[in-house]
Structures are given as C-alpha cells and as structure tokens.
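In what follows, a single structure is set out as structure tokens and then discussed.
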Amino acid sequence: MTTAIRSEFDQGIALTPAQGGPGRYDGELDPGWQIGGGINGGLLLAVAGHALSLRHGAAGHPDPVSISGYYLSAARSGPVEVHTDVVREGRSLSTGAASMYQDGEERLRVLATYGELSAEGSDIRTSARPPQLPPPEKCIGMEHAPKQLIEQAALLQRLDLRLDPATVGWAVGQPSGEGRIQGWFKLADGREPDPLMLLLAADALPPVTFDLGLPGWAPTIELTVHLRARPRPGWLLVSHATRNLADGYFEEDAEIWDDSGRLVAQSRQLARAPRAR
C-alpha cells in the first residue's frame with residue numbers, strides 16, 4: 001500500500017487540534033516559505049484561514065468569502081498556535097476571528113466571513129476583464145530571476161511563476177515606473193488551486209515596488225482578500241498594481257483569474273516600501 005504525498009502547500013498550512021479548548025490549533029511554519037525577514041504573508045493568512053475553515057466547516061461554511069489579516073510582527077519558521085473564535089453563525093455566512101502566536105507573541109490577527117463558494121455562477125455581472133499577456137510558455141520563469149531575489153525569497157522554489165515580459169524590466173535594471181507586475185501562477189508540485197491557495201496567490205508575486213525601482217523586502221501591514229468563486233483547475237492569472245507610494249507606505253491591489261477566465265479573487269494590502277538604496 002502506498003501513502004499519498006501531500007502538497008508542500010498542504011503541509012505548510014497543516015494544523016492539529018491543540019490543548020486549551022475548542023478552536024485551538026498547532027502548526028509548524030517551514031523555512032521554505034520565507035521571504036525577506038519572515039514567512040510570506042499570504043502563507044500566514046492561509047494558515048489562519050485553514051484554522052477558520054476547520055472551525056466553520058461544521059456549520060457548512062468552509063470557504064473564506066472575505067478575510068483580513070493584520071500583521072503585528074514578523075513570523076519565523078517554527079511552531080505556531082492559532083486560536084479561533086466564532087463571532088457569529090448564520091444560515092449562509094459565519095464570521096470568525098483568529099490569532100496566530102509564536103514564542104508567546106501574537107504575530108497575526110484575522111477577522112473573516114465564511115460561507116460556501118461555488119465554481120459556477122448563475123448571476124455574474126462584471127465589466128472586469130483579465131489582462132492580456134502571452135501564454136505561460138512565452139513568459140519569464142523564475143530561473144531568470146535576479147540572484148538577489150532568489151536569495152531573499154525561498155518560497156519561489158515552491159512556486160511556478162511565469163511573469164509577463166512587459167512587467168519584468170526591473171530584473172535587468174529597467175523598471176517601468178508604472179508599478180505593475182503580473183503573470184501566471186501555479187504551485188511547483190502541481191497542486192490545483194482552491195480558496196485557501198488563493199490567499200497565498202494574493203501575496204506571492206514580487207512586490208510591485210520592484211517596478212518602481214525599489215528592490216527589497218516589503219513587509220505587509222494589512223491584507224484583505226475577497227474571494228468570488230472556487231477556482232477551476234489550471235493556471236491562475238495574477239495581476240498586482242499600485243497607484244500610490246507615499247511616506248514609506250504603498251497599497252498593492254491584486255486580481256486573480258482562474259483558467260476559465262473568471263475573476264475568482266481580489267485583494268488589497270498596505271505594506272512598507274523597501275528603503276531606497
């Protein structure tokens with residue numbers, strides 16, 4: 001009998017019930033999800049999101065519909081505890097809160113609304129259109145990424161990113177100044193996307209500040225993701241952009257489209273800009 005091998009992402013967000021009452025979970029942050037000075041913010045949100053999925057699943061609300069995370073301190077590799085609370089349970093939606101602790105310090109606090117997402121939509125009214133970019137095989141893989149980026153972002157080895165050639169001038173010292181990076185996204189081990197993986201995808205591309213000529217770590221302060229549908233199998237198309245960098249902070253807006261061309265998630269985060277060199 002063979003044992004199924006779980007995706008690295010599933011291992012990365014894995015949780016076990018902890019002592020201390022219902023809704024408490026133990027996890028382990030792997031150093032392979034490191035970026036800059038800590039674990040990637042999207043992965044942290046997915047860990048907390050997984051805990052809330054476990055908590056609300058019994059009520060028939062397994063999927064995040066809207067989730068906001070406030071990053072209180074940088075999380076490192078090693079054990080973490082996630083404490084969840086049910087704020088409200090309704091017929092179609094539930095609201096919950098989660099806090100992630102490491103070494104006795106709160107790293108992340110989350111408030112989220114949960115329901116049940118569908119892959120099909122009976123009433124879709126949108127003017128949103130996916131960006132036009134070359135197919136994945138014509139885009140730029142991470143094997144061409146600058147050495148500096150690879151050194152500070154171990155998580156890139158777990159992703160299959162194919163960036164739009166029109167938005168990677170920064171990699172050769174020619175940022176466009178427009179503040180946009182977009183491309184195709186998959187996990188390197190082939191795991192298909194689901195709602196929790198969308199939380200990772202919302203924060204997985206290089207920071208848009210690279211395209212403003214500001215390389216370096218851009219720590220997230222707050223990240224909100226709105227999930228619109230359960231994604232179809234295949235590539236995700238992710239587009240990140242900013243319109244305002246001021247006084248050392250910038251916003252980063254993301255749209256995530258699935259392989260059918262449907263907009264499945266939108267996000268906005270506030271982050272600290274890398275320091276100019």
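Ligands are numbered from 1 in the order shown, chains are lettered A, B, ... in the order of the structure tokens, and residues start at 1 in each chain.
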
Skipping near chain neighbours, those fewer than 6 positions away, what residues fall within 7 Å of stretch 23-32 of chain A using only C-alpha atoms, listed as a list of chain:residue names?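 My list of contacting residues is A:Gly12, A:Ala14, A:Leu15, A:Thr16, A:Pro17, A:Arg55, A:Ser77, A:Gly78, A:Pro79, A:Val80, A:Glu81, A:Val82, A:His83, A:Thr84, A:Asp85, A:Ala154, A:Leu155.
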
Within 8 Å of A:Asp164, counting only C-alpha atoms, which residues show up once you throw out same-chain ones fewer than 3 positions away? Write them as a list in words, please.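 Answer for this query is Leu133, Pro134, Cys139, Ile140, Thr167, Val168, Ile181, Gln182, Gly183 and Trp184 of chain A.
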
Compare A:Ala128, A:Ala74, A:Leu223, A:Ala98 by their minimum atom-to-atom distance to A:Leu199, counting only C-alpha atoms, and give me the closest one.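 Under the stated criterion, the closest residue is A:Leu223.
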
Considering only C-alpha atoms, can you say which of A:Val110, A:Ala201, A:Ile35, A:Leu43 comes closest to A:Phe9?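 Among the listed residues, A:Leu43 lies closest to A:Phe9.
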
Please report, as a list of chain:residue names, each residue of stretch 86-273 of chain A to which DSSP assigns alpha helix (DSSP H) when run on this structure's backbone.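 Answer for stretch 86-273 of chain A, restricted to alpha helix (DSSP H): A:Lys147, A:Gln148, A:Leu149, A:Ile150, A:Glu151, A:Gln152, A:Pro195, A:Leu196, A:Met197, A:Leu198, A:Leu199, A:Leu200, A:Ala201.
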
Closest atom pairs, residues of stretch 80-182 of chain A within 12 Å of stretch 64-73 of chain A, only C-alpha atoms, as a Markdown table:
| residue | atom | partner | partner_atom | distance |
| --- | --- | --- | --- | --- |
| A:Ser92 | CA | A:Val65 | CA | 11.1 |
| A:Leu93 | CA | A:Val65 | CA | 8.7 |
| A:Ser94 | CA | A:Pro64 | CA | 9.5 |
| A:Thr95 | CA | A:Ser66 | CA | 9.5 |
| A:Gly96 | CA | A:Ile67 | CA | 9.5 |
| A:Ala97 | CA | A:Ile67 | CA | 9.5 |
| A:Ala98 | CA | A:Gly69 | CA | 9.1 |
| A:Ser99 | CA | A:Gly69 | CA | 9.3 |
| A:Met100 | CA | A:Tyr71 | CA | 9.7 |
| A:Tyr101 | CA | A:Ser73 | CA | 10.0 |
| A:Gln102 | CA | A:Ser73 | CA | 9.8 |
| A:Asp103 | CA | A:Ser73 | CA | 11.5 |
| A:Gly104 | CA | A:Ser73 | CA | 11.8 |
| A:Glu105 | CA | A:Ser73 | CA | 8.2 |
| A:Glu106 | CA | A:Leu72 | CA | 6.8 |
| A:Arg107 | CA | A:Ser73 | CA | 4.8 |
| A:Leu108 | CA | A:Tyr71 | CA | 4.7 |
| A:Arg109 | CA | A:Tyr70 | CA | 5.3 |
| A:Val110 | CA | A:Gly69 | CA | 4.4 |
| A:Leu111 | CA | A:Ser68 | CA | 5.6 |
| A:Ala112 | CA | A:Ile67 | CA | 4.1 |
| A:Thr113 | CA | A:Ser66 | CA | 5.2 |
| A:Tyr114 | CA | A:Pro64 | CA | 4.4 |
| A:Gly115 | CA | A:Val65 | CA | 6.2 |
| A:Glu116 | CA | A:Pro64 | CA | 7.9 |
| A:Leu117 | CA | A:Val65 | CA | 7.5 |
| A:Ser118 | CA | A:Val65 | CA | 11.0 |

Put those residues in a file: N, CA, C and O atoms, as a compact mmCIF listing (two decimals), in the first residue's frame.
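Output file part-v4.txt follows:
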# COMPACT_ATOMS: atom_id res chain seq x y z
N SER A 92 -26.31 31.34 5.98
CA SER A 92 -25.48 31.32 4.77
C SER A 92 -24.05 31.77 5.02
O SER A 92 -23.15 31.44 4.23
N LEU A 93 -23.80 32.50 6.10
CA LEU A 93 -22.47 33.03 6.38
C LEU A 93 -22.16 32.92 7.87
O LEU A 93 -23.06 33.01 8.71
N SER A 94 -20.90 32.75 8.17
CA SER A 94 -20.41 32.81 9.55
C SER A 94 -19.24 33.78 9.61
O SER A 94 -18.52 33.96 8.62
N THR A 95 -19.06 34.40 10.76
CA THR A 95 -17.94 35.31 10.97
C THR A 95 -17.09 34.78 12.11
O THR A 95 -17.61 34.35 13.14
N GLY A 96 -15.79 34.80 11.90
CA GLY A 96 -14.88 34.30 12.92
C GLY A 96 -13.63 35.16 13.02
O GLY A 96 -13.34 35.98 12.14
N ALA A 97 -12.91 34.97 14.10
CA ALA A 97 -11.65 35.68 14.33
C ALA A 97 -10.57 34.66 14.65
O ALA A 97 -10.85 33.58 15.17
N ALA A 98 -9.34 34.99 14.31
CA ALA A 98 -8.22 34.09 14.59
C ALA A 98 -7.00 34.92 14.95
O ALA A 98 -6.80 36.02 14.43
N SER A 99 -6.19 34.38 15.85
CA SER A 99 -4.90 34.99 16.21
C SER A 99 -3.83 33.92 16.13
O SER A 99 -4.03 32.79 16.60
N MET A 100 -2.71 34.27 15.54
CA MET A 100 -1.57 33.36 15.43
C MET A 100 -0.49 33.80 16.41
O MET A 100 -0.10 34.98 16.43
N TYR A 101 -0.02 32.85 17.22
CA TYR A 101 1.00 33.14 18.23
C TYR A 101 2.25 32.32 17.95
O TYR A 101 2.19 31.17 17.51
N GLN A 102 3.38 32.93 18.25
CA GLN A 102 4.67 32.25 18.14
C GLN A 102 5.58 32.77 19.25
O GLN A 102 5.72 33.98 19.42
N ASP A 103 6.14 31.84 20.00
CA ASP A 103 7.01 32.21 21.12
C ASP A 103 6.30 33.16 22.09
O ASP A 103 6.90 34.09 22.64
N GLY A 104 4.99 32.94 22.26
CA GLY A 104 4.21 33.76 23.19
C GLY A 104 3.83 35.13 22.68
O GLY A 104 3.21 35.91 23.40
N GLU A 105 4.16 35.44 21.43
CA GLU A 105 3.87 36.75 20.86
C GLU A 105 2.87 36.61 19.72
O GLU A 105 2.98 35.71 18.88
N GLU A 106 1.88 37.49 19.69
CA GLU A 106 0.90 37.45 18.61
C GLU A 106 1.53 38.00 17.33
O GLU A 106 2.06 39.11 17.30
N ARG A 107 1.48 37.18 16.28
CA ARG A 107 2.07 37.57 15.00
C ARG A 107 1.04 38.11 14.02
O ARG A 107 1.34 39.00 13.22
N LEU A 108 -0.17 37.56 14.06
CA LEU A 108 -1.19 37.88 13.06
C LEU A 108 -2.56 37.82 13.70
O LEU A 108 -2.85 36.91 14.48
N ARG A 109 -3.41 38.81 13.38
CA ARG A 109 -4.80 38.78 13.85
C ARG A 109 -5.71 38.90 12.63
O ARG A 109 -5.48 39.74 11.76
N VAL A 110 -6.74 38.06 12.61
CA VAL A 110 -7.59 37.92 11.42
C VAL A 110 -9.05 38.04 11.81
O VAL A 110 -9.48 37.54 12.86
N LEU A 111 -9.82 38.70 10.95
CA LEU A 111 -11.27 38.70 11.03
C LEU A 111 -11.78 38.30 9.66
O LEU A 111 -11.31 38.82 8.64
N ALA A 112 -12.74 37.36 9.61
CA ALA A 112 -13.15 36.81 8.32
C ALA A 112 -14.61 36.41 8.32
O ALA A 112 -15.18 36.07 9.35
N THR A 113 -15.19 36.44 7.12
CA THR A 113 -16.52 35.92 6.87
C THR A 113 -16.40 34.67 6.01
O THR A 113 -15.67 34.67 5.01
N TYR A 114 -17.11 33.61 6.42
CA TYR A 114 -17.02 32.32 5.75
C TYR A 114 -18.38 31.89 5.21
O TYR A 114 -19.43 32.22 5.78
N GLY A 115 -18.36 31.18 4.10
CA GLY A 115 -19.56 30.62 3.50
C GLY A 115 -19.20 29.40 2.70
O GLY A 115 -18.28 28.66 3.05
N GLU A 116 -19.89 29.21 1.59
CA GLU A 116 -19.58 28.09 0.69
C GLU A 116 -19.52 28.64 -0.72
O GLU A 116 -20.53 29.06 -1.28
N LEU A 117 -18.31 28.65 -1.30
CA LEU A 117 -18.13 29.18 -2.65
C LEU A 117 -18.48 28.13 -3.69
O LEU A 117 -18.30 26.93 -3.47
N SER A 118 -18.94 28.60 -4.83
CA SER A 118 -19.27 27.72 -5.95
C SER A 118 -18.32 27.98 -7.09
O SER A 118 -17.81 29.09 -7.26

Within 9 Å of stretch 205-220 of chain A, counting only C-alpha atoms, which residues qualify if same-chain residues fewer than 3 places away don't, as a short mmCIF file (atom, residue, chain, number, x, y, z; two decimals) with all heavy atoms, in the first residue's frame?
data_model
loop_
_atom_site.label_atom_id
_atom_site.label_comp_id
_atom_site.auth_asym_id
_atom_site.auth_seq_id
_atom_site.Cartn_x
_atom_site.Cartn_y
_atom_site.Cartn_z
N ILE A 35 10.38 34.78 3.03
CA ILE A 35 10.69 35.86 2.09
C ILE A 35 11.18 37.05 2.90
O ILE A 35 10.55 37.43 3.90
CB ILE A 35 9.47 36.24 1.23
CG1 ILE A 35 9.84 37.38 0.27
CG2 ILE A 35 8.26 36.60 2.07
CD1 ILE A 35 8.80 37.65 -0.80
N GLY A 36 12.30 37.60 2.51
CA GLY A 36 12.86 38.72 3.26
C GLY A 36 13.10 38.34 4.70
O GLY A 36 13.76 37.36 5.02
N GLY A 37 12.51 39.10 5.62
CA GLY A 37 12.76 38.89 7.04
C GLY A 37 11.78 37.99 7.74
O GLY A 37 11.79 37.91 8.98
N GLY A 38 10.90 37.30 7.02
CA GLY A 38 9.93 36.43 7.70
C GLY A 38 9.21 35.52 6.73
O GLY A 38 9.52 35.48 5.54
N ASN A 40 6.24 34.32 4.37
CA ASN A 40 5.37 35.04 3.45
C ASN A 40 3.99 35.30 4.05
O ASN A 40 3.37 34.42 4.64
CB ASN A 40 5.22 34.22 2.16
CG ASN A 40 4.17 34.75 1.23
OD1 ASN A 40 3.06 34.25 1.19
ND2 ASN A 40 4.51 35.78 0.48
N GLY A 41 3.50 36.52 3.87
CA GLY A 41 2.22 36.92 4.47
C GLY A 41 1.04 36.16 3.92
O GLY A 41 0.06 35.89 4.64
N TYR A 70 -4.08 41.37 9.95
CA TYR A 70 -3.19 42.44 10.40
C TYR A 70 -1.92 41.80 10.94
O TYR A 70 -1.97 40.97 11.86
CB TYR A 70 -3.88 43.29 11.47
CG TYR A 70 -4.99 44.14 10.92
CD1 TYR A 70 -6.26 43.61 10.70
CD2 TYR A 70 -4.76 45.47 10.56
CE1 TYR A 70 -7.27 44.38 10.16
CE2 TYR A 70 -5.77 46.24 10.02
CZ TYR A 70 -7.02 45.70 9.83
OH TYR A 70 -8.03 46.46 9.28
N TYR A 71 -0.79 42.18 10.35
CA TYR A 71 0.50 41.56 10.66
C TYR A 71 1.18 42.37 11.76
O TYR A 71 1.62 43.50 11.54
CB TYR A 71 1.34 41.49 9.39
CG TYR A 71 0.69 40.59 8.35
CD1 TYR A 71 -0.34 41.07 7.55
CD2 TYR A 71 1.07 39.26 8.21
CE1 TYR A 71 -0.98 40.24 6.62
CE2 TYR A 71 0.45 38.43 7.28
CZ TYR A 71 -0.56 38.92 6.49
OH TYR A 71 -1.18 38.10 5.58
N ALA A 74 6.87 39.99 12.62
CA ALA A 74 7.32 39.02 11.62
C ALA A 74 7.34 37.61 12.19
O ALA A 74 7.88 37.37 13.27
CB ALA A 74 8.71 39.40 11.13
N GLN A 148 19.64 38.20 -6.33
CA GLN A 148 19.24 38.87 -5.09
C GLN A 148 17.83 38.47 -4.68
O GLN A 148 17.52 38.24 -3.50
CB GLN A 148 19.32 40.38 -5.25
CG GLN A 148 18.85 41.18 -4.03
CD GLN A 148 18.69 42.65 -4.33
OE1 GLN A 148 18.62 43.05 -5.50
NE2 GLN A 148 18.64 43.47 -3.30
N LEU A 149 16.92 38.36 -5.67
CA LEU A 149 15.54 37.99 -5.38
C LEU A 149 15.45 36.57 -4.88
O LEU A 149 14.75 36.28 -3.90
CB LEU A 149 14.68 38.17 -6.65
CG LEU A 149 13.20 37.76 -6.52
CD1 LEU A 149 12.51 38.58 -5.45
CD2 LEU A 149 12.50 37.93 -7.86
N GLN A 152 16.56 36.10 -1.18
CA GLN A 152 15.69 36.60 -0.11
C GLN A 152 14.29 36.02 -0.16
O GLN A 152 13.43 36.38 0.64
CB GLN A 152 15.61 38.13 -0.17
CG GLN A 152 14.83 38.67 -1.36
CD GLN A 152 14.60 40.16 -1.25
OE1 GLN A 152 15.06 40.81 -0.32
NE2 GLN A 152 13.89 40.72 -2.20
N LEU A 156 10.01 31.04 -3.59
CA LEU A 156 9.95 30.98 -5.05
C LEU A 156 10.27 29.60 -5.59
O LEU A 156 9.84 29.23 -6.68
CB LEU A 156 10.90 32.02 -5.65
CG LEU A 156 10.52 33.48 -5.44
CD1 LEU A 156 11.58 34.40 -6.04
CD2 LEU A 156 9.15 33.79 -6.03
N LEU A 161 6.09 30.39 -11.23
CA LEU A 161 5.67 31.73 -11.65
C LEU A 161 6.20 32.00 -13.05
O LEU A 161 7.37 31.75 -13.35
CB LEU A 161 6.23 32.80 -10.70
CG LEU A 161 5.59 32.94 -9.32
CD1 LEU A 161 6.30 34.05 -8.55
CD2 LEU A 161 4.11 33.22 -9.43
N LEU A 163 6.24 35.29 -15.33
CA LEU A 163 5.90 36.71 -15.32
C LEU A 163 5.80 37.27 -16.73
O LEU A 163 6.54 36.89 -17.65
CB LEU A 163 6.93 37.49 -14.52
CG LEU A 163 7.05 37.13 -13.03
CD1 LEU A 163 8.07 38.02 -12.35
CD2 LEU A 163 5.70 37.22 -12.33
N THR A 167 6.36 43.33 -17.82
CA THR A 167 6.41 43.88 -16.45
C THR A 167 7.64 43.40 -15.68
O THR A 167 7.63 43.45 -14.45
CB THR A 167 5.13 43.51 -15.68
OG1 THR A 167 5.08 42.09 -15.47
CG2 THR A 167 3.89 43.96 -16.41
N VAL A 168 8.69 42.98 -16.38
CA VAL A 168 9.90 42.50 -15.67
C VAL A 168 11.15 43.29 -16.04
O VAL A 168 12.26 42.81 -15.85
CB VAL A 168 10.14 40.99 -15.90
CG1 VAL A 168 9.03 40.16 -15.28
CG2 VAL A 168 10.30 40.68 -17.38
N GLY A 169 10.96 44.52 -16.52
CA GLY A 169 12.13 45.33 -16.83
C GLY A 169 13.01 45.56 -15.62
O GLY A 169 14.24 45.72 -15.74
N TRP A 170 12.42 45.57 -14.42
CA TRP A 170 13.17 45.75 -13.18
C TRP A 170 14.25 44.69 -13.00
O TRP A 170 15.27 44.94 -12.34
CB TRP A 170 12.23 45.74 -11.98
CG TRP A 170 11.29 44.57 -11.97
CD1 TRP A 170 10.02 44.54 -12.49
CD2 TRP A 170 11.53 43.27 -11.43
NE1 TRP A 170 9.46 43.29 -12.31
CE2 TRP A 170 10.35 42.50 -11.65
CE3 TRP A 170 12.60 42.67 -10.75
CZ2 TRP A 170 10.23 41.17 -11.24
CZ3 TRP A 170 12.49 41.35 -10.35
CH2 TRP A 170 11.32 40.61 -10.60
N ALA A 171 14.04 43.50 -13.58
CA ALA A 171 15.00 42.40 -13.40
C ALA A 171 16.33 42.68 -14.11
O ALA A 171 17.35 42.08 -13.78
CB ALA A 171 14.41 41.09 -13.91
N GLY A 173 17.36 45.96 -14.47
CA GLY A 173 17.69 47.34 -14.12
C GLY A 173 16.92 48.39 -14.87
O GLY A 173 17.33 49.56 -14.92
N GLN A 174 15.76 48.01 -15.47
CA GLN A 174 14.97 48.96 -16.23
C GLN A 174 13.50 48.90 -15.80
O GLN A 174 12.62 48.53 -16.58
CB GLN A 174 15.09 48.67 -17.73
CG GLN A 174 16.49 48.81 -18.27
CD GLN A 174 16.59 48.45 -19.75
OE1 GLN A 174 15.61 48.07 -20.37
NE2 GLN A 174 17.77 48.58 -20.30
N PRO A 175 13.20 49.27 -14.55
CA PRO A 175 11.81 49.28 -14.10
C PRO A 175 11.00 50.29 -14.89
O PRO A 175 11.50 51.35 -15.27
CB PRO A 175 11.91 49.67 -12.63
CG PRO A 175 13.20 50.43 -12.52
CD PRO A 175 14.14 49.77 -13.51
N SER A 176 9.73 49.96 -15.15
CA SER A 176 8.91 50.85 -15.97
C SER A 176 8.44 52.07 -15.21
O SER A 176 8.10 53.10 -15.81
CB SER A 176 7.68 50.09 -16.49
OG SER A 176 6.72 49.91 -15.45
N GLY A 177 8.37 51.99 -13.87
CA GLY A 177 7.85 53.08 -13.07
C GLY A 177 6.33 53.09 -12.98
O GLY A 177 5.75 53.95 -12.30
N GLU A 178 5.66 52.14 -13.64
CA GLU A 178 4.20 52.10 -13.61
C GLU A 178 3.66 51.40 -12.36
O GLU A 178 2.49 51.55 -12.02
CB GLU A 178 3.68 51.39 -14.86
CG GLU A 178 3.96 52.15 -16.15
CD GLU A 178 3.39 51.45 -17.36
OE1 GLU A 178 2.70 50.41 -17.20
OE2 GLU A 178 3.63 51.92 -18.49
N GLY A 179 4.47 50.60 -11.70
CA GLY A 179 4.02 49.90 -10.50
C GLY A 179 3.08 48.75 -10.80
O GLY A 179 2.04 48.61 -10.15
N ARG A 180 3.43 47.90 -11.76
CA ARG A 180 2.61 46.74 -12.11
C ARG A 180 3.49 45.52 -12.37
O ARG A 180 4.50 45.62 -13.08
CB ARG A 180 1.75 47.00 -13.35
CG ARG A 180 0.91 45.79 -13.77
CD ARG A 180 0.00 46.12 -14.94
NE ARG A 180 -1.00 47.11 -14.57
CZ ARG A 180 -2.15 46.81 -13.98
NH1 ARG A 180 -2.45 45.56 -13.68
NH2 ARG A 180 -3.00 47.77 -13.67
N ILE A 181 3.10 44.39 -11.78
CA ILE A 181 3.72 43.10 -12.06
C ILE A 181 2.60 42.08 -12.20
O ILE A 181 1.68 42.04 -11.37
CB ILE A 181 4.70 42.69 -10.95
CG1 ILE A 181 5.87 43.67 -10.87
CG2 ILE A 181 5.23 41.27 -11.18
CD1 ILE A 181 6.87 43.37 -9.76
N GLN A 182 2.66 41.26 -13.24
CA GLN A 182 1.61 40.28 -13.45
C GLN A 182 2.19 39.04 -14.11
O GLN A 182 3.26 39.08 -14.71
CB GLN A 182 0.48 40.86 -14.30
CG GLN A 182 0.91 41.35 -15.66
CD GLN A 182 -0.18 42.19 -16.34
OE1 GLN A 182 -1.05 42.76 -15.70
NE2 GLN A 182 -0.13 42.25 -17.67
N GLY A 183 1.47 37.94 -13.97
CA GLY A 183 1.94 36.71 -14.57
C GLY A 183 1.06 35.53 -14.22
O GLY A 183 0.00 35.66 -13.60
N PHE A 185 0.46 31.80 -12.38
CA PHE A 185 0.83 31.26 -11.07
C PHE A 185 0.34 29.82 -10.95
O PHE A 185 -0.82 29.51 -11.25
CB PHE A 185 0.19 32.10 -9.96
CG PHE A 185 0.38 31.56 -8.57
CD1 PHE A 185 1.42 32.00 -7.77
CD2 PHE A 185 -0.50 30.62 -8.05
CE1 PHE A 185 1.58 31.50 -6.48
CE2 PHE A 185 -0.36 30.12 -6.77
CZ PHE A 185 0.69 30.56 -5.98
N ALA A 201 -1.75 33.07 -3.29
CA ALA A 201 -1.52 33.71 -4.59
C ALA A 201 -1.64 35.22 -4.51
O ALA A 201 -0.99 35.95 -5.27
CB ALA A 201 -2.49 33.15 -5.62
N ALA A 202 -2.48 35.71 -3.59
CA ALA A 202 -2.67 37.16 -3.46
C ALA A 202 -1.42 37.88 -2.98
O ALA A 202 -1.34 39.11 -3.10
CB ALA A 202 -3.83 37.44 -2.50
N LEU A 223 -3.64 42.89 4.97
CA LEU A 223 -4.01 42.25 3.70
C LEU A 223 -5.45 41.78 3.79
O LEU A 223 -5.82 41.05 4.71
CB LEU A 223 -3.09 41.07 3.41
CG LEU A 223 -3.47 40.16 2.23
CD1 LEU A 223 -3.48 40.93 0.92
CD2 LEU A 223 -2.49 38.98 2.14
N VAL A 238 -2.47 36.29 -12.25
CA VAL A 238 -2.43 37.22 -11.13
C VAL A 238 -1.83 38.55 -11.60
O VAL A 238 -0.77 38.58 -12.23
CB VAL A 238 -1.59 36.65 -9.97
CG1 VAL A 238 -1.66 37.58 -8.76
CG2 VAL A 238 -2.06 35.26 -9.58
N SER A 239 -2.53 39.64 -11.29
CA SER A 239 -2.06 40.97 -11.65
C SER A 239 -2.00 41.83 -10.39
O SER A 239 -3.00 41.94 -9.67
CB SER A 239 -3.00 41.60 -12.68
OG SER A 239 -2.58 42.91 -13.00
N HIS A 240 -0.84 42.42 -10.12
CA HIS A 240 -0.63 43.30 -8.98
C HIS A 240 -0.30 44.70 -9.47
O HIS A 240 0.45 44.86 -10.44
CB HIS A 240 0.54 42.83 -8.12
CG HIS A 240 0.25 41.64 -7.28
ND1 HIS A 240 1.03 41.28 -6.21
CD2 HIS A 240 -0.75 40.72 -7.33
CE1 HIS A 240 0.55 40.19 -5.65
NE2 HIS A 240 -0.53 39.83 -6.31
N ALA A 241 -0.84 45.72 -8.79
CA ALA A 241 -0.55 47.09 -9.20
C ALA A 241 -0.65 48.02 -8.00
O ALA A 241 -1.34 47.72 -7.01
CB ALA A 241 -1.52 47.55 -10.29
N THR A 242 0.04 49.14 -8.07
CA THR A 242 -0.07 50.20 -7.07
C THR A 242 -0.25 51.52 -7.77
O THR A 242 0.24 51.72 -8.90
CB THR A 242 1.15 50.24 -6.15
OG1 THR A 242 0.93 51.19 -5.09
CG2 THR A 242 2.41 50.65 -6.89
N LEU A 245 2.49 55.51 -3.67
CA LEU A 245 3.52 55.26 -2.67
C LEU A 245 3.84 56.60 -2.03
O LEU A 245 4.21 57.55 -2.72
CB LEU A 245 4.77 54.65 -3.29
CG LEU A 245 5.86 54.18 -2.32
CD1 LEU A 245 6.74 53.10 -2.97
CD2 LEU A 245 6.77 55.32 -1.86
N PHE A 250 2.82 51.85 0.72
CA PHE A 250 2.14 51.75 -0.56
C PHE A 250 1.04 50.71 -0.47
O PHE A 250 1.06 49.81 0.37
CB PHE A 250 3.13 51.38 -1.69
CG PHE A 250 3.67 49.97 -1.60
CD1 PHE A 250 3.15 48.95 -2.39
CD2 PHE A 250 4.71 49.65 -0.73
CE1 PHE A 250 3.64 47.66 -2.33
CE2 PHE A 250 5.21 48.35 -0.66
CZ PHE A 250 4.67 47.36 -1.46
N GLU A 252 -1.10 47.70 -2.55
CA GLU A 252 -0.92 46.77 -3.65
C GLU A 252 -2.25 46.08 -3.90
O GLU A 252 -2.74 45.33 -3.05
CB GLU A 252 0.17 45.75 -3.33
CG GLU A 252 0.49 44.81 -4.47
CD GLU A 252 1.71 43.94 -4.19
OE1 GLU A 252 2.84 44.37 -4.51
OE2 GLU A 252 1.53 42.83 -3.63
N GLN A 269 -3.60 45.23 -0.15
CA GLN A 269 -2.78 45.24 1.05
C GLN A 269 -2.08 46.57 1.19
O GLN A 269 -1.85 47.30 0.20
CB GLN A 269 -1.76 44.11 1.05
CG GLN A 269 -0.66 44.20 0.02
CD GLN A 269 0.42 43.14 0.27
OE1 GLN A 269 1.26 43.27 1.17
NE2 GLN A 269 0.38 42.08 -0.52
N LEU A 270 -1.76 46.89 2.44
CA LEU A 270 -0.91 48.04 2.75
C LEU A 270 0.41 47.47 3.22
O LEU A 270 0.45 46.55 4.04
CB LEU A 270 -1.54 48.91 3.84
CG LEU A 270 -0.72 50.14 4.25
CD1 LEU A 270 -0.71 51.16 3.11
CD2 LEU A 270 -1.28 50.76 5.52
N ALA A 271 1.50 48.00 2.66
CA ALA A 271 2.82 47.47 3.00
C ALA A 271 3.81 48.62 3.14
O ALA A 271 3.59 49.73 2.66
CB ALA A 271 3.29 46.48 1.94
N ARG A 272 4.91 48.31 3.81
CA ARG A 272 6.02 49.26 3.90
C ARG A 272 6.85 49.16 2.64
O ARG A 272 7.16 48.06 2.17
CB ARG A 272 6.91 48.94 5.10
CG ARG A 272 6.29 49.28 6.46
CD ARG A 272 7.31 49.03 7.53
NE ARG A 272 6.78 49.28 8.87
CZ ARG A 272 6.80 50.46 9.47
NH1 ARG A 272 7.35 51.50 8.84
NH2 ARG A 272 6.30 50.62 10.67
N ALA A 273 7.24 50.28 2.10
CA ALA A 273 8.09 50.28 0.92
C ALA A 273 9.52 49.94 1.31
O ALA A 273 9.99 50.31 2.40
CB ALA A 273 8.06 51.65 0.25
N PRO A 274 10.23 49.20 0.45
CA PRO A 274 11.66 48.99 0.71
C PRO A 274 12.38 50.32 0.77
O PRO A 274 11.98 51.29 0.12
CB PRO A 274 12.11 48.17 -0.51
CG PRO A 274 10.87 47.60 -1.09
CD PRO A 274 9.79 48.60 -0.82
N ARG A 275 13.44 50.34 1.53
CA ARG A 275 14.22 51.58 1.62
C ARG A 275 15.05 51.77 0.36
O ARG A 275 15.67 50.85 -0.15
CB ARG A 275 15.15 51.52 2.84
CG ARG A 275 14.40 51.53 4.17
CD ARG A 275 15.35 51.52 5.33
NE ARG A 275 14.63 51.54 6.61
CZ ARG A 275 15.24 51.54 7.79
NH1 ARG A 275 16.58 51.52 7.86
NH2 ARG A 275 14.52 51.56 8.90
N ALA A 276 15.03 53.00 -0.14
CA ALA A 276 15.82 53.32 -1.34
C ALA A 276 17.30 53.15 -1.04
O ALA A 276 17.76 53.47 0.07
CB ALA A 276 15.52 54.74 -1.79
N ARG A 277 18.03 52.64 -2.01
CA ARG A 277 19.46 52.41 -1.80
C ARG A 277 20.30 53.44 -2.52
O ARG A 277 19.88 54.01 -3.51
CB ARG A 277 19.82 51.00 -2.33
CG ARG A 277 19.08 49.91 -1.54
CD ARG A 277 19.48 48.54 -2.01
NE ARG A 277 18.79 47.51 -1.23
CZ ARG A 277 18.99 46.20 -1.40
NH1 ARG A 277 19.84 45.79 -2.31
NH2 ARG A 277 18.33 45.33 -0.68
#
